[in-house]
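Undergrad: So I've got this file, coords-v8.tsv, and it contains TSV, C-alpha atoms and all ligand atoms:
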chain	number	residue	atom	x	y	z
R	22	MET	CA	-172.13	-10.53	27.51
R	23	SER	CA	-169.49	-9.31	25.08
R	24	ALA	CA	-168.16	-5.78	25.12
R	25	HIS	CA	-169.23	-3.41	22.37
R	26	LEU	CA	-167.64	-0.32	20.94
R	27	VAL	CA	-170.45	2.15	20.33
R	28	VAL	CA	-169.93	5.49	18.60
R	29	LEU	CA	-172.45	8.26	19.06
R	30	SER	CA	-172.30	11.16	16.63
R	31	GLY	CA	-174.60	13.91	15.55
R	32	PRO	CA	-174.56	17.62	14.86
R	33	SER	CA	-173.33	19.96	17.54
R	34	GLY	CA	-176.22	20.93	19.79
R	35	VAL	CA	-178.36	17.86	19.12
R	36	GLY	CA	-178.16	16.79	22.76
R	37	LYS	CA	-175.62	13.97	22.68
R	38	SER	CA	-174.37	14.69	26.20
R	39	SER	CA	-177.82	14.48	27.83
R	40	VAL	CA	-178.59	11.22	26.05
R	41	ILE	CA	-175.26	9.76	27.13
R	42	ARG	CA	-175.64	10.93	30.71
R	43	GLU	CA	-179.01	9.17	30.99
R	44	ALA	CA	-177.89	6.05	29.13
R	45	LEU	CA	-174.83	5.56	31.34
R	46	LYS	CA	-177.03	5.50	34.45
R	47	GLU	CA	-178.57	2.33	33.07
R	48	LEU	CA	-175.42	0.83	31.58
R	49	PRO	CA	-173.12	-0.01	34.49
R	50	ASN	CA	-170.79	-2.08	32.29
R	51	THR	CA	-170.07	0.78	29.90
R	52	TRP	CA	-167.29	3.33	29.99
R	53	LEU	CA	-167.43	6.74	28.31
R	54	SER	CA	-164.11	7.47	26.65
R	55	VAL	CA	-162.41	10.77	27.53
R	56	SER	CA	-161.00	12.48	24.45
R	57	ALA	CA	-157.95	14.65	24.08
R	58	THR	CA	-158.53	18.12	22.65
R	59	THR	CA	-156.66	21.27	21.83
R	60	ARG	CA	-159.79	23.30	22.62
R	61	ALA	CA	-159.67	25.44	25.76
R	62	PRO	CA	-161.85	24.22	28.65
R	63	ARG	CA	-165.27	25.86	28.93
R	64	PRO	CA	-166.28	27.15	32.36
R	65	GLY	CA	-166.97	24.18	34.62
R	66	GLU	CA	-165.19	21.61	32.49
R	67	VAL	CA	-162.65	19.43	34.26
R	68	HIS	CA	-159.35	18.07	32.89
R	69	GLY	CA	-159.51	14.28	32.76
R	70	GLU	CA	-163.29	14.24	33.09
R	71	ASN	CA	-164.69	16.15	30.13
R	72	TYR	CA	-161.49	16.07	28.11
R	73	PHE	CA	-157.75	15.90	28.42
R	74	TYR	CA	-156.83	19.46	27.44
R	75	VAL	CA	-153.54	19.35	25.59
R	76	SER	CA	-151.33	21.76	23.65
R	77	GLN	CA	-150.96	21.63	19.87
R	78	GLU	CA	-147.52	20.07	20.37
R	79	GLU	CA	-148.82	17.39	22.69
R	80	PHE	CA	-151.61	16.55	20.27
R	81	THR	CA	-149.17	16.29	17.37
R	82	ASP	CA	-147.02	13.95	19.46
R	83	MET	CA	-150.01	11.76	20.25
R	84	ILE	CA	-150.69	11.38	16.52
R	85	ALA	CA	-147.03	10.66	15.76
R	86	ASN	CA	-146.87	8.01	18.50
R	87	ASP	CA	-150.05	6.35	17.23
R	88	GLU	CA	-151.75	6.96	20.56
R	89	LEU	CA	-155.07	7.94	18.99
R	90	LEU	CA	-157.67	5.52	17.68
R	91	GLU	CA	-159.03	8.37	15.56
R	92	TRP	CA	-158.77	12.11	15.48
R	93	ALA	CA	-160.31	15.01	13.58
R	94	GLU	CA	-160.33	18.75	13.35
R	95	PHE	CA	-163.60	20.41	14.30
R	96	ALA	CA	-164.34	24.15	14.32
R	97	GLY	CA	-160.65	25.01	14.48
R	98	ASN	CA	-159.61	22.56	17.20
R	99	ARG	CA	-158.34	19.00	17.16
R	100	TYR	CA	-160.06	16.16	19.03
R	101	GLY	CA	-158.99	12.54	19.36
R	102	THR	CA	-159.74	9.28	21.17
R	103	PRO	CA	-156.85	7.87	23.22
R	104	ARG	CA	-156.48	4.33	21.93
R	105	LYS	CA	-155.09	2.48	24.94
R	106	ALA	CA	-157.91	3.17	27.38
R	107	VAL	CA	-160.47	1.99	24.82
R	108	GLU	CA	-158.57	-1.21	24.11
R	109	ASP	CA	-158.01	-1.90	27.82
R	110	SER	CA	-161.70	-1.49	28.58
R	111	LEU	CA	-162.82	-3.77	25.76
R	112	ARG	CA	-160.23	-6.35	26.78
R	113	VAL	CA	-161.71	-6.65	30.28
R	114	GLY	CA	-165.22	-6.96	28.85
R	115	LYS	CA	-166.39	-3.42	29.46
R	116	SER	CA	-168.22	-1.72	26.59
R	117	VAL	CA	-167.01	1.66	25.42
R	118	LEU	CA	-168.99	4.64	24.25
R	119	LEU	CA	-167.36	7.32	22.08
R	120	GLU	CA	-169.04	10.69	21.65
R	121	ILE	CA	-167.25	12.03	18.60
R	122	GLU	CA	-167.88	13.88	15.36
R	123	ILE	CA	-168.44	12.24	12.01
R	124	ALA	CA	-165.00	12.13	10.43
R	125	GLY	CA	-163.76	10.36	13.56
R	126	ALA	CA	-166.72	7.95	13.51
R	127	LYS	CA	-165.78	6.94	9.98
R	128	GLN	CA	-162.19	6.26	11.03
R	129	VAL	CA	-163.38	4.05	13.88
R	130	LYS	CA	-165.61	2.08	11.52
R	131	ALA	CA	-162.68	1.55	9.15
R	132	LYS	CA	-160.43	0.28	11.95
R	133	VAL	CA	-162.88	-1.59	14.16
R	134	LEU	CA	-165.28	-3.45	11.90
R	135	GLU	CA	-167.61	-4.49	14.70
R	136	ALA	CA	-168.05	-0.93	16.03
R	137	ILE	CA	-171.68	0.19	16.13
R	138	LEU	CA	-172.23	3.69	14.76
R	139	VAL	CA	-175.23	5.62	16.03
R	140	PHE	CA	-176.27	8.99	14.64
R	141	LEU	CA	-178.43	11.31	16.72
R	142	GLU	CA	-180.66	13.65	14.70
R	143	PRO	CA	-182.60	16.65	15.95
R	144	PRO	CA	-186.40	16.48	15.50
R	145	THR	CA	-186.15	19.47	13.14
R	146	TRP	CA	-183.45	21.79	11.82
R	147	GLU	CA	-185.11	24.76	13.58
R	148	GLU	CA	-184.83	22.92	16.88
R	149	LEU	CA	-181.10	22.45	16.35
R	150	VAL	CA	-180.57	26.12	15.49
R	151	SER	CA	-182.38	27.26	18.61
R	152	ARG	CA	-180.39	24.84	20.80
R	153	LEU	CA	-177.10	26.04	19.36
R	154	GLU	CA	-178.08	29.67	19.82
R	155	GLY	CA	-179.30	29.05	23.35
R	156	ARG	CA	-176.02	27.53	24.44
R	157	GLY	CA	-174.37	30.92	24.91
R	158	THR	CA	-170.88	29.62	25.64
R	159	ASP	CA	-169.54	30.27	22.14
R	160	SER	CA	-168.79	33.53	20.34
R	161	PRO	CA	-171.13	34.45	17.43
R	162	GLU	CA	-168.41	33.50	14.93
R	163	ARG	CA	-167.88	30.15	16.61
R	164	ARG	CA	-171.62	29.55	16.63
R	165	ALA	CA	-171.96	30.36	12.94
R	166	ALA	CA	-169.12	27.96	12.17
R	167	ARG	CA	-170.80	25.24	14.22
R	168	LEU	CA	-174.12	25.79	12.42
R	169	ALA	CA	-172.45	25.49	9.03
R	170	LEU	CA	-170.76	22.31	10.21
R	171	ALA	CA	-174.03	20.97	11.59
R	172	GLN	CA	-175.55	21.32	8.14
R	173	GLU	CA	-172.76	19.21	6.67
R	174	GLU	CA	-173.01	16.71	9.49
R	175	MET	CA	-176.73	16.15	8.96
R	176	ALA	CA	-175.96	14.92	5.47
R	177	ALA	CA	-173.74	12.15	6.86
R	178	ALA	CA	-176.50	10.25	8.66
R	179	SER	CA	-176.78	7.60	5.96
R	180	PHE	CA	-173.27	6.33	6.77
R	181	PHE	CA	-174.36	5.19	10.23
R	182	ASP	CA	-175.69	1.80	11.38
R	183	LYS	CA	-178.54	3.36	13.29
R	184	VAL	CA	-180.19	6.79	13.16
R	185	LEU	CA	-182.08	7.95	16.25
R	186	ILE	CA	-184.21	11.09	16.38
R	187	ASN	CA	-183.80	13.01	19.61
R	188	ASP	CA	-187.44	14.01	20.00
R	189	GLN	CA	-187.88	12.53	23.44
R	190	VAL	CA	-184.89	11.68	25.63
R	191	ASP	CA	-186.37	8.57	27.29
R	192	GLY	CA	-187.12	6.94	23.97
R	193	VAL	CA	-183.71	7.69	22.53
R	194	VAL	CA	-181.95	6.44	25.64
R	195	ALA	CA	-183.90	3.18	25.48
R	196	SER	CA	-182.97	2.70	21.82
R	197	LEU	CA	-179.33	3.45	22.51
R	198	ILE	CA	-179.21	0.96	25.37
R	199	GLU	CA	-180.80	-1.66	23.15
Q	201	LIG	P1	-167.14	20.31	21.89
Q	201	LIG	O1	-166.07	21.28	21.58
Q	201	LIG	O2	-168.52	20.89	21.75
Q	201	LIG	O3	-166.94	19.61	23.21
Q	201	LIG	O4	-167.04	19.14	20.80
Q	201	LIG	C1	-167.08	19.46	19.45
Q	201	LIG	C2	-167.25	18.21	18.63
Q	201	LIG	O5	-166.11	17.37	18.78
Q	201	LIG	C3	-168.46	17.35	19.05
Q	201	LIG	O6	-169.15	16.98	17.87
Q	201	LIG	C4	-167.83	16.16	19.72
Q	201	LIG	O7	-168.64	15.00	19.55
Q	201	LIG	C5	-166.54	16.04	18.95
Q	201	LIG	N1	-165.51	15.27	19.64
Q	201	LIG	C6	-165.27	15.20	20.96
Q	201	LIG	N2	-164.25	14.36	21.21
Q	201	LIG	C7	-163.86	13.85	20.02
Q	201	LIG	C8	-162.86	12.90	19.62
Q	201	LIG	O8	-162.13	12.32	20.41
Q	201	LIG	N3	-162.76	12.65	18.29
Q	201	LIG	C9	-163.55	13.24	17.37
Q	201	LIG	N4	-163.39	12.91	16.10
Q	201	LIG	N5	-164.50	14.13	17.70
Q	201	LIG	C10	-164.65	14.43	19.01
Translate the structure described by the file into structure tokens.

TA:
Amino acid sequence: MSAHLVVLSGPSGVGKSSVIREALKELPNTWLSVSATTRAPRPGEVHGENYFYVSQEEFTDMIANDELLEWAEFAGNRYGTPRKAVEDSLRVGKSVLLEIEIAGAKQVKAKVLEAILVFLEPPTWEELVSRLEGRGTDSPERRAARLALAQEEMAAASFFDKVLINDQVDGVVASLIE
């Protein structure tokens, strides 16, 4: 079986992490890329597992050295996909999953023509708002910024190869695996 590069995007709070966690249990030959970010770790997050937490200077260097497959600014922080680990994984036949925002997804599609772009939508807008508000890890200002962004992100769904509605995790996971 050939290795695929799959990009999962969707508005903040749509439940991308839960879908990925479940999908990876059933996809042994798939690696979830670990991004670099200038965002501070949230409680419980681990360097090298959730993200590589880097300084602004380090991130700028990574861009200058062409170490990132894509990168984007989101809610005041920069996020990017380290290129080498993705390429190494694909080379040895292991599929790669990227969980990134939309501007980054577009860059991946432009560079890697065979990448498969999947967009995860909430069942309803109200559902998304309540999930974002329930998260509780962000300040009110941060949350408002994320909601505004989510609204923009929802409009980008048409760019993607496949749109999945996260109404029921099992069903979405099955579609993603397929
Ligand atoms: P969070 O701060 O909630 O972990 O992530 C914020 C947003 O950044 C999410 O939409 C997430 O998918 C996105 N993101 C995470 N890593 C990357 C990356 O490497 N590149 C891009 N473009 N977006 C990312």

Undergrad: Measuring between all atoms listed in the file, which one of R:Ser23, R:Gln77, R:Thr58, R:Thr51 shows the shortest distance to ligand LIG 201 (chain Q)?

TA: R:Thr58

Undergrad: Report the distance between atom CA of Ala57 of chain R and atom CA of Thr81 of chain R in Å, rounded to one decimal place.

TA: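 Going from atom CA of Ala57 of chain R over to atom CA of Thr81 of chain R, I get 11.2 Å.
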
Undergrad: Neighbouring residues of Glu70 of chain R were defined as those with any atom within 10 Å, considering all atoms listed in the file; residues of the same chain fewer than 6 positions away were excluded. Please report them as a compact mmCIF listing (two decimals) with C-alpha atoms, in the frame of the given file.

TA:
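Result saved to selection28.txt:
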# COMPACT_ATOMS: atom_id res chain seq x y z
CA LEU R 53 -167.43 6.74 28.31
CA SER R 54 -164.11 7.47 26.65
CA VAL R 55 -162.41 10.77 27.53
CA SER R 56 -161.00 12.48 24.45

Undergrad: So, counting all atoms listed in the file, which residue among R:Leu45, R:Leu26, R:Leu111, R:Val129 is closest to ligand LIG 201 (chain Q)?

TA: R:Val129

Undergrad: Can you work out which one of R:Asn98, R:Thr158, R:Asn71, R:Ser30 has the shortest atom-to-atom distance to Thr59 of chain R, counting all atoms listed in the file?

TA: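 Using all atoms listed in the file, Thr59 of chain R sits closest to R:Asn98.
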
Undergrad: Which residues form the shell of 10 Å around ligand LIG 201 (chain Q) when you count all atoms listed in the file, given as a PDB file with C-alpha atoms, in the frame of the given file?

TA:
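That gives us pocket_3.pdb:
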ATOM      1  CA  VAL R  28    -169.930   5.490  18.600  1.00  0.00           C
ATOM      2  CA  LEU R  29    -172.450   8.260  19.060  1.00  0.00           C
ATOM      3  CA  SER R  30    -172.300  11.160  16.630  1.00  0.00           C
ATOM      4  CA  GLY R  31    -174.600  13.910  15.550  1.00  0.00           C
ATOM      5  CA  PRO R  32    -174.560  17.620  14.860  1.00  0.00           C
ATOM      6  CA  SER R  33    -173.330  19.960  17.540  1.00  0.00           C
ATOM      7  CA  GLY R  34    -176.220  20.930  19.790  1.00  0.00           C
ATOM      8  CA  VAL R  35    -178.360  17.860  19.120  1.00  0.00           C
ATOM      9  CA  LYS R  37    -175.620  13.970  22.680  1.00  0.00           C
ATOM     10  CA  SER R  38    -174.370  14.690  26.200  1.00  0.00           C
ATOM     11  CA  SER R  54    -164.110   7.470  26.650  1.00  0.00           C
ATOM     12  CA  VAL R  55    -162.410  10.770  27.530  1.00  0.00           C
ATOM     13  CA  SER R  56    -161.000  12.480  24.450  1.00  0.00           C
ATOM     14  CA  ALA R  57    -157.950  14.650  24.080  1.00  0.00           C
ATOM     15  CA  THR R  58    -158.530  18.120  22.650  1.00  0.00           C
ATOM     16  CA  THR R  59    -156.660  21.270  21.830  1.00  0.00           C
ATOM     17  CA  ARG R  60    -159.790  23.300  22.620  1.00  0.00           C
ATOM     18  CA  ALA R  61    -159.670  25.440  25.760  1.00  0.00           C
ATOM     19  CA  PRO R  62    -161.850  24.220  28.650  1.00  0.00           C
ATOM     20  CA  ARG R  63    -165.270  25.860  28.930  1.00  0.00           C
ATOM     21  CA  GLU R  66    -165.190  21.610  32.490  1.00  0.00           C
ATOM     22  CA  ASN R  71    -164.690  16.150  30.130  1.00  0.00           C
ATOM     23  CA  TYR R  72    -161.490  16.070  28.110  1.00  0.00           C
ATOM     24  CA  PHE R  73    -157.750  15.900  28.420  1.00  0.00           C
ATOM     25  CA  LEU R  89    -155.070   7.940  18.990  1.00  0.00           C
ATOM     26  CA  LEU R  90    -157.670   5.520  17.680  1.00  0.00           C
ATOM     27  CA  GLU R  91    -159.030   8.370  15.560  1.00  0.00           C
ATOM     28  CA  TRP R  92    -158.770  12.110  15.480  1.00  0.00           C
ATOM     29  CA  ALA R  93    -160.310  15.010  13.580  1.00  0.00           C
ATOM     30  CA  GLU R  94    -160.330  18.750  13.350  1.00  0.00           C
ATOM     31  CA  PHE R  95    -163.600  20.410  14.300  1.00  0.00           C
ATOM     32  CA  ALA R  96    -164.340  24.150  14.320  1.00  0.00           C
ATOM     33  CA  GLY R  97    -160.650  25.010  14.480  1.00  0.00           C
ATOM     34  CA  ASN R  98    -159.610  22.560  17.200  1.00  0.00           C
ATOM     35  CA  ARG R  99    -158.340  19.000  17.160  1.00  0.00           C
ATOM     36  CA  TYR R 100    -160.060  16.160  19.030  1.00  0.00           C
ATOM     37  CA  GLY R 101    -158.990  12.540  19.360  1.00  0.00           C
ATOM     38  CA  THR R 102    -159.740   9.280  21.170  1.00  0.00           C
ATOM     39  CA  PRO R 103    -156.850   7.870  23.220  1.00  0.00           C
ATOM     40  CA  ARG R 104    -156.480   4.330  21.930  1.00  0.00           C
ATOM     41  CA  LEU R 119    -167.360   7.320  22.080  1.00  0.00           C
ATOM     42  CA  GLU R 120    -169.040  10.690  21.650  1.00  0.00           C
ATOM     43  CA  ILE R 121    -167.250  12.030  18.600  1.00  0.00           C
ATOM     44  CA  GLU R 122    -167.880  13.880  15.360  1.00  0.00           C
ATOM     45  CA  ILE R 123    -168.440  12.240  12.010  1.00  0.00           C
ATOM     46  CA  ALA R 124    -165.000  12.130  10.430  1.00  0.00           C
ATOM     47  CA  GLY R 125    -163.760  10.360  13.560  1.00  0.00           C
ATOM     48  CA  ALA R 126    -166.720   7.950  13.510  1.00  0.00           C
ATOM     49  CA  LYS R 127    -165.780   6.940   9.980  1.00  0.00           C
ATOM     50  CA  GLN R 128    -162.190   6.260  11.030  1.00  0.00           C
ATOM     51  CA  VAL R 129    -163.380   4.050  13.880  1.00  0.00           C
ATOM     52  CA  THR R 158    -170.880  29.620  25.640  1.00  0.00           C
ATOM     53  CA  ASP R 159    -169.540  30.270  22.140  1.00  0.00           C
ATOM     54  CA  ARG R 167    -170.800  25.240  14.220  1.00  0.00           C
ATOM     55  CA  LEU R 170    -170.760  22.310  10.210  1.00  0.00           C
ATOM     56  CA  ALA R 171    -174.030  20.970  11.590  1.00  0.00           C
ATOM     57  CA  GLU R 174    -173.010  16.710   9.490  1.00  0.00           C
TER      58      GLU R 174
END

Undergrad: Would you mind reading off the distance between atom CA of Asp182 of chain R and atom CA of Leu138 of chain R, one decimal, in Å?

TA: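 For atom CA of Asp182 of chain R relative to atom CA of Leu138 of chain R, the distance reads 5.2 Å.
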
Undergrad: What are the nearest atom pairs, with distances in Å to one decimal, for all residues of segment 44-127 of chain R that come at most 12 Å from segment 186-195 of chain R, using all atoms listed in the file, set out by chain and rising residue number as CSV?

TA:
residue,atom,partner,partner_atom,distance
R:Ala44,CA,R:Val194,CA,5.4
R:Leu45,CA,R:Val194,CA,9.2
R:Lys46,CA,R:Val194,CA,10.1
R:Glu47,CA,R:Val194,CA,9.1
R:Leu48,CA,R:Val194,CA,10.5

Undergrad: Report, in Å to a single decimal, how far apart atom CA of Val133 of chain R and atom CA of Gln172 of chain R are.

TA: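 Taking atom CA of Gln172 of chain R and atom CA of Val133 of chain R, their separation equals 26.9 Å.
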
Undergrad: Rank nothing, just name the residue among R:Ala166, R:Lys130, R:Asp82, R:Glu154 nearest to Phe180 of chain R, using all atoms listed in the file.

TA: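 Looking only at the distances to Phe180 of chain R, the closest residue turns out to be R:Lys130.
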
Undergrad: From the set R:Val184, R:Phe80, R:Ser196, R:Gly36, which residue has the shortest atom-to-atom contact distance to Leu149 of chain R, counting only C-alpha atoms?

TA: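 That would be R:Gly36, the residue with the smallest distance to Leu149 of chain R.
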
Undergrad: Which is closer to Ala178 of chain R than all the others in R:Phe140, R:Ala165, R:Glu108, R:Gly157, using all atoms listed in the file?

TA: R:Phe140
